[in-house]
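Everything on this sheet refers to the single structure shown next.
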2 protein chains.
Amino acid sequence: MKNTKQRGAIMKILEESAEPVGAEEIFARLRGEWPNLALSTVYRNLERFAGEALVHKDVFNDGVVRYSLSGEHHGHYLVCTGCSNKIRIDDCPLACLEQGLAHDTGYEIEGHTLTIYGKCPECARREKKEQRKKK
Amino acid sequence: MKNTKQRGAIMKILEESAEPVGAEEIFARLRGEWPNLALSTVYRNLERFAGEALVHKDVFNDGVVRYSLSGEHHGHYLVCTGCSNKIRIDDCPLACLEQGLAHDTGYEIEGHTLTIYGKCPECARREKKEQRKKK
DNA sequence: CTTCTTGCAAATAATTTGCACTCCA
DNA sequence: TGGAGTGCAAATTATTTGCAAGAAG
């Protein structure tokens, strides 16, 4: 894999951001510094990185694909369906389940997506207030 | 919600299929019986159903949104990243984790998405063969 | 040099929307 | 009958691809 400046710039964004980022977002953030960077270059490199297992690729519920460095510590989120506030879940109870599955099905497990949805205390309270108003 | 024949037909597909189905797939399956059903009607109704919590909406790793009846017994899938073959996972190890989270964060947990990805034995074998060819 | 990469523009794929017409309640 | 629902075509959005020109080793 050749070492090009656009490749480096894309990787730097990935390194700097704590949360997964999408191609369009990376493109927007690099627009200033690299005015004639092509969006397709971003997509191609992200796909490349994912292929080489340098980054982890994930499709979110909004349909956008986001990437994050694979070195980063594996984690999931608890997302509030009211205000979209996110809490990281460090505990991941799936390693064991995956082993069992690999054994039972013969699949080579590559990974998983897990996101938990709920209402944070404020949103839950607000929602109940609104329901009372309606009646 | 009015009871139209296309709405019924879409719901019937949902009821008949054990696995989550996408809009294009439902459209394809109904084209024979309803030759001038519009794809947009399928999309609109699925969104509607999801809004009324009649069906569960989920974005898969291939970027396609698939829907399944919410009444159905809760379950997750092991999806092959090669051929998209799906195996249902009846075991769900999250109830306990969710209780702990509710206690720790004060959130009212509403649900979660969990999908495991891997390669089925055939796809894994095929992929290895192709890699060897390249060298 | 020569192969890997990029930029640009055009092509897809999945989904959404505007609008006139249709059909259930 | 009146508004919810539909079909059709055109618009969006996210992503992919073909190809000639450019840069890295």
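Going by the structure tokens order, chains are called A, B, ..., each with residues numbered from 1, while ligands are numbered from 1 in the order shown.
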
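By only C-alpha atoms (C1' of nucleotides), and with residues fewer than 5 positions from DT12 (chain C) along its chain excluded, the set lying at most 10 Å from it is DT15, DT16 and DT17 of chain D.
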
Distance-based interface of chain A with chain B, 10 Å, counting only C-alpha atoms, as an mmCIF file with C-alpha atoms, in the first residue's frame:
data_model
loop_
_atom_site.group_PDB
_atom_site.id
_atom_site.type_symbol
_atom_site.label_atom_id
_atom_site.label_comp_id
_atom_site.auth_asym_id
_atom_site.auth_seq_id
_atom_site.Cartn_x
_atom_site.Cartn_y
_atom_site.Cartn_z
ATOM 1 C CA LYS A 57 -16.719 -0.671 9.235
ATOM 2 C CA ASP A 58 -20.205 -0.385 10.665
ATOM 3 C CA VAL A 59 -23.628 0.483 9.229
ATOM 4 C CA PHE A 60 -25.655 2.632 11.583
ATOM 5 C CA ASN A 61 -29.418 2.736 11.967
ATOM 6 C CA ASP A 62 -29.539 5.886 9.863
ATOM 7 C CA GLY A 63 -28.128 3.868 6.961
ATOM 8 C CA VAL A 64 -24.747 5.615 6.927
ATOM 9 C CA VAL A 65 -21.559 3.552 6.997
ATOM 10 C CA LEU A 78 -26.777 2.850 24.855
ATOM 11 C CA VAL A 79 -28.590 5.457 22.780
ATOM 12 C CA CYS A 80 -31.493 7.584 23.987
ATOM 13 C CA THR A 81 -34.335 7.480 21.465
ATOM 14 C CA ILE A 87 -23.398 6.160 26.794
ATOM 15 C CA ILE A 89 -21.019 0.156 27.247
ATOM 16 C CA ASP A 91 -19.004 -4.692 28.913
ATOM 17 C CA CYS A 92 -19.538 -6.975 25.930
ATOM 18 C CA PRO A 93 -21.081 -10.327 26.763
ATOM 19 C CA LEU A 94 -20.800 -11.769 23.285
ATOM 20 C CA CYS A 96 -18.717 -16.510 24.607
ATOM 21 C CA LEU A 97 -21.885 -16.590 22.516
ATOM 22 C CA GLU A 98 -19.796 -16.201 19.360
ATOM 23 C CA LEU A 101 -22.083 -20.179 17.386
ATOM 24 C CA ALA A 102 -18.877 -20.819 15.487
ATOM 25 C CA THR A 105 -22.790 -23.513 12.662
ATOM 26 C CA GLY A 106 -19.298 -23.775 11.195
ATOM 27 C CA TYR A 107 -19.335 -20.042 10.425
ATOM 28 C CA GLU A 108 -16.184 -17.973 10.764
ATOM 29 C CA ILE A 109 -17.401 -15.165 12.982
ATOM 30 C CA GLU A 110 -16.176 -11.747 11.851
ATOM 31 C CA GLY A 111 -17.908 -9.435 14.274
ATOM 32 C CA HIS A 112 -21.214 -8.062 15.436
ATOM 33 C CA THR A 113 -23.249 -4.946 15.893
ATOM 34 C CA LEU A 114 -25.000 -4.280 19.150
ATOM 35 C CA THR A 115 -26.768 -1.126 20.131
ATOM 36 C CA ILE A 116 -29.231 -0.741 22.958
ATOM 37 C CA TYR A 117 -32.007 1.818 22.729
ATOM 38 C CA GLY A 118 -33.931 3.432 25.534
ATOM 39 C CA LYS A 119 -35.030 6.693 27.078
ATOM 40 C CA CYS A 120 -32.756 8.701 29.334
ATOM 41 C CA PRO A 121 -34.346 9.895 32.604
ATOM 42 C CA GLU A 122 -35.056 13.423 31.305
ATOM 43 C CA CYS A 123 -36.632 12.248 28.059
ATOM 44 C CA ALA A 124 -38.660 9.626 29.893
#

**Request:** Apply DSSP to the backbone of this structure and, from chain A, keep only the residues in helix (DSSP H, G or I); write these as a PyMOL selection string.
**Result:** chain A and resi 5-16+23-30+39-51+94-105+121-134

Any chance you could tabulate, as a Markdown table, the residues of chain A at most 10 Å from chain D with each one's nearest atom pair and distance in Å to one decimal, using only C-alpha atoms (C1' of nucleotides), in chain and rising number order?
| residue | atom | partner | partner_atom | distance |
| --- | --- | --- | --- | --- |
| A:Lys2 | CA | D:DA24 | C1' | 6.7 |
| A:Asn3 | CA | D:DA24 | C1' | 7.4 |
| A:Thr4 | CA | D:DA24 | C1' | 7.5 |
| A:Ala23 | CA | D:DA14 | C1' | 9.3 |
| A:Glu24 | CA | D:DA14 | C1' | 8.8 |
| A:Leu39 | CA | D:DT15 | C1' | 9.9 |
| A:Ser40 | CA | D:DT16 | C1' | 8.3 |
| A:Tyr43 | CA | D:DT15 | C1' | 7.8 |
| A:Arg44 | CA | D:DT16 | C1' | 9.1 |
| A:Gly63 | CA | D:DA14 | C1' | 8.5 |
| A:Val64 | CA | D:DA14 | C1' | 7.3 |
| A:Val65 | CA | D:DA14 | C1' | 8.8 |

Write the residues of the preceding selection, restricted to all heavy atoms, as a PDB file, in the first residue's frame.
ATOM      1  N   LYS A   2       0.747   2.035  -1.060  1.00  0.00           N
ATOM      2  CA  LYS A   2       1.576   3.235  -1.167  1.00  0.00           C
ATOM      3  C   LYS A   2       1.181   4.297  -0.148  1.00  0.00           C
ATOM      4  O   LYS A   2       0.023   4.369   0.259  1.00  0.00           O
ATOM      5  CB  LYS A   2       1.462   3.831  -2.577  1.00  0.00           C
ATOM      6  CG  LYS A   2       2.325   3.113  -3.585  1.00  0.00           C
ATOM      7  CD  LYS A   2       2.264   3.793  -4.925  1.00  0.00           C
ATOM      8  CE  LYS A   2       3.098   3.004  -5.933  1.00  0.00           C
ATOM      9  NZ  LYS A   2       2.928   3.512  -7.295  1.00  0.00           N
ATOM     10  N   ASN A   3       2.164   5.103   0.206  1.00  0.00           N
ATOM     11  CA  ASN A   3       1.922   6.121   1.218  1.00  0.00           C
ATOM     12  C   ASN A   3       1.652   7.478   0.569  1.00  0.00           C
ATOM     13  O   ASN A   3       2.578   8.226   0.299  1.00  0.00           O
ATOM     14  CB  ASN A   3       3.142   6.189   2.138  1.00  0.00           C
ATOM     15  CG  ASN A   3       3.027   7.303   3.129  1.00  0.00           C
ATOM     16  OD1 ASN A   3       1.925   7.718   3.467  1.00  0.00           O
ATOM     17  ND2 ASN A   3       4.168   7.803   3.576  1.00  0.00           N
ATOM     18  N   THR A   4       0.394   7.784   0.320  1.00  0.00           N
ATOM     19  CA  THR A   4       0.057   9.063  -0.313  1.00  0.00           C
ATOM     20  C   THR A   4      -0.434  10.041   0.738  1.00  0.00           C
ATOM     21  O   THR A   4      -0.843   9.643   1.821  1.00  0.00           O
ATOM     22  CB  THR A   4      -1.046   8.883  -1.364  1.00  0.00           C
ATOM     23  OG1 THR A   4      -2.279   8.613  -0.695  1.00  0.00           O
ATOM     24  CG2 THR A   4      -0.727   7.755  -2.309  1.00  0.00           C
ATOM     25  N   ALA A  23     -17.833   8.643   5.508  1.00  0.00           N
ATOM     26  CA  ALA A  23     -17.016   9.153   4.413  1.00  0.00           C
ATOM     27  C   ALA A  23     -17.288  10.631   4.140  1.00  0.00           C
ATOM     28  O   ALA A  23     -16.359  11.435   4.034  1.00  0.00           O
ATOM     29  CB  ALA A  23     -17.276   8.329   3.153  1.00  0.00           C
ATOM     30  N   GLU A  24     -18.553  10.980   4.057  1.00  0.00           N
ATOM     31  CA  GLU A  24     -18.917  12.373   3.765  1.00  0.00           C
ATOM     32  C   GLU A  24     -18.358  13.301   4.836  1.00  0.00           C
ATOM     33  O   GLU A  24     -17.904  14.400   4.548  1.00  0.00           O
ATOM     34  CB  GLU A  24     -20.445  12.536   3.722  1.00  0.00           C
ATOM     35  CG  GLU A  24     -21.143  11.653   2.711  1.00  0.00           C
ATOM     36  CD  GLU A  24     -21.401  12.351   1.390  1.00  0.00           C
ATOM     37  OE1 GLU A  24     -20.908  13.485   1.187  1.00  0.00           O
ATOM     38  OE2 GLU A  24     -22.082  11.747   0.536  1.00  0.00           O
ATOM     39  N   LEU A  39     -14.188  12.831  -3.244  1.00  0.00           N
ATOM     40  CA  LEU A  39     -14.967  12.024  -2.316  1.00  0.00           C
ATOM     41  C   LEU A  39     -14.724  10.542  -2.593  1.00  0.00           C
ATOM     42  O   LEU A  39     -14.628   9.730  -1.676  1.00  0.00           O
ATOM     43  CB  LEU A  39     -16.446  12.364  -2.478  1.00  0.00           C
ATOM     44  CG  LEU A  39     -17.440  11.698  -1.539  1.00  0.00           C
ATOM     45  CD1 LEU A  39     -17.039  11.876  -0.093  1.00  0.00           C
ATOM     46  CD2 LEU A  39     -18.830  12.254  -1.775  1.00  0.00           C
ATOM     47  N   SER A  40     -14.576  10.206  -3.851  1.00  0.00           N
ATOM     48  CA  SER A  40     -14.370   8.791  -4.184  1.00  0.00           C
ATOM     49  C   SER A  40     -13.056   8.279  -3.611  1.00  0.00           C
ATOM     50  O   SER A  40     -12.941   7.110  -3.263  1.00  0.00           O
ATOM     51  CB  SER A  40     -14.408   8.588  -5.690  1.00  0.00           C
ATOM     52  OG  SER A  40     -13.487   9.420  -6.338  1.00  0.00           O
ATOM     53  N   TYR A  43     -13.848   7.295  -0.079  1.00  0.00           N
ATOM     54  CA  TYR A  43     -14.550   6.008  -0.054  1.00  0.00           C
ATOM     55  C   TYR A  43     -13.598   4.869  -0.365  1.00  0.00           C
ATOM     56  O   TYR A  43     -13.581   3.851   0.310  1.00  0.00           O
ATOM     57  CB  TYR A  43     -15.678   6.003  -1.092  1.00  0.00           C
ATOM     58  CG  TYR A  43     -16.955   6.593  -0.586  1.00  0.00           C
ATOM     59  CD1 TYR A  43     -17.402   7.833  -1.029  1.00  0.00           C
ATOM     60  CD2 TYR A  43     -17.739   5.913   0.341  1.00  0.00           C
ATOM     61  CE1 TYR A  43     -18.587   8.380  -0.569  1.00  0.00           C
ATOM     62  CE2 TYR A  43     -18.927   6.448   0.803  1.00  0.00           C
ATOM     63  CZ  TYR A  43     -19.348   7.681   0.344  1.00  0.00           C
ATOM     64  OH  TYR A  43     -20.511   8.214   0.805  1.00  0.00           O
ATOM     65  N   ARG A  44     -12.783   5.035  -1.398  1.00  0.00           N
ATOM     66  CA  ARG A  44     -11.895   3.948  -1.793  1.00  0.00           C
ATOM     67  C   ARG A  44     -10.905   3.617  -0.692  1.00  0.00           C
ATOM     68  O   ARG A  44     -10.645   2.445  -0.398  1.00  0.00           O
ATOM     69  CB  ARG A  44     -11.166   4.314  -3.085  1.00  0.00           C
ATOM     70  CG  ARG A  44     -11.960   3.908  -4.308  1.00  0.00           C
ATOM     71  CD  ARG A  44     -11.156   4.034  -5.580  1.00  0.00           C
ATOM     72  NE  ARG A  44     -10.994   5.430  -5.957  1.00  0.00           N
ATOM     73  CZ  ARG A  44     -11.246   5.916  -7.174  1.00  0.00           C
ATOM     74  NH1 ARG A  44     -11.669   5.116  -8.135  1.00  0.00           N
ATOM     75  NH2 ARG A  44     -11.069   7.182  -7.466  1.00  0.00           N
ATOM     76  N   GLY A  63     -28.501   4.342   8.290  1.00  0.00           N
ATOM     77  CA  GLY A  63     -28.128   3.868   6.961  1.00  0.00           C
ATOM     78  C   GLY A  63     -26.750   4.323   6.509  1.00  0.00           C
ATOM     79  O   GLY A  63     -26.301   3.954   5.424  1.00  0.00           O
ATOM     80  N   VAL A  64     -26.065   5.123   7.314  1.00  0.00           N
ATOM     81  CA  VAL A  64     -24.747   5.615   6.927  1.00  0.00           C
ATOM     82  C   VAL A  64     -23.658   4.679   7.444  1.00  0.00           C
ATOM     83  O   VAL A  64     -23.717   4.225   8.588  1.00  0.00           O
ATOM     84  CB  VAL A  64     -24.504   7.038   7.475  1.00  0.00           C
ATOM     85  CG1 VAL A  64     -23.099   7.510   7.142  1.00  0.00           C
ATOM     86  CG2 VAL A  64     -25.536   7.991   6.915  1.00  0.00           C
ATOM     87  N   VAL A  65     -22.675   4.396   6.604  1.00  0.00           N
ATOM     88  CA  VAL A  65     -21.559   3.552   6.997  1.00  0.00           C
ATOM     89  C   VAL A  65     -20.514   4.414   7.687  1.00  0.00           C
ATOM     90  O   VAL A  65     -20.114   5.446   7.154  1.00  0.00           O
ATOM     91  CB  VAL A  65     -20.923   2.884   5.763  1.00  0.00           C
ATOM     92  CG1 VAL A  65     -19.772   2.000   6.178  1.00  0.00           C
ATOM     93  CG2 VAL A  65     -21.967   2.095   5.001  1.00  0.00           C
TER      94      VAL A  65
END

Could you build a table of the residues in chain C lying no more than 10 Å from chain A, giving for each the nearest pair of atoms and their separation in Å rounded to one decimal place, using only C-alpha atoms (C1' of nucleotides), ordered by chain and ascending residue number, as CSV?
residue,atom,partner,partner_atom,distance
C:DC4,C1',A:Lys2,CA,7.0
C:DT5,C1',A:Thr4,CA,8.0
C:DT6,C1',A:Thr41,CA,6.8
C:DG7,C1',A:Ala38,CA,5.9
C:DC8,C1',A:Ala38,CA,8.0
C:DA14,C1',A:Gly63,CA,9.9

Now that the selection is made, can you save its residues with C-alpha atoms (C1' of nucleotides) as a PDB file, in the first residue's frame?
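The resulting out_33.pdb:
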ATOM      1  C1'  DC C   4      -0.636   2.094  -7.705  1.00  0.00           C
ATOM      2  C1'  DT C   5      -3.621   6.195  -6.843  1.00  0.00           C
ATOM      3  C1'  DT C   6      -6.142  10.041  -7.690  1.00  0.00           C
ATOM      4  C1'  DG C   7      -9.718  13.344  -9.627  1.00  0.00           C
ATOM      5  C1'  DC C   8     -13.576  13.907 -12.156  1.00  0.00           C
ATOM      6  C1'  DA C  14     -31.860   2.154  -2.093  1.00  0.00           C
TER       7       DA C  14
END

**Request:** Lay chain A over chain B with a least-squares fit on all the C-alpha atoms, paired in sequence, and tell me the RMSD.
**Result:** 2.4 Å

**Request:** Would you mind listing what lies within 9 Å of Val55 (chain B) as a list of chain:residue names, with only C-alpha atoms (C1' of nucleotides) counted and same-chain residues fewer than 4 positions away left out?
**Result:** B:Leu14, B:Leu46, B:Glu47, B:Phe49, B:Ala50, B:Gly51, B:Tyr67, B:Ser68, B:Leu69, B:Ser70, B:Gly71

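Between CA of Leu54 (chain A) and CA of Tyr77 (chain A) there is a distance of 21.5 Å.
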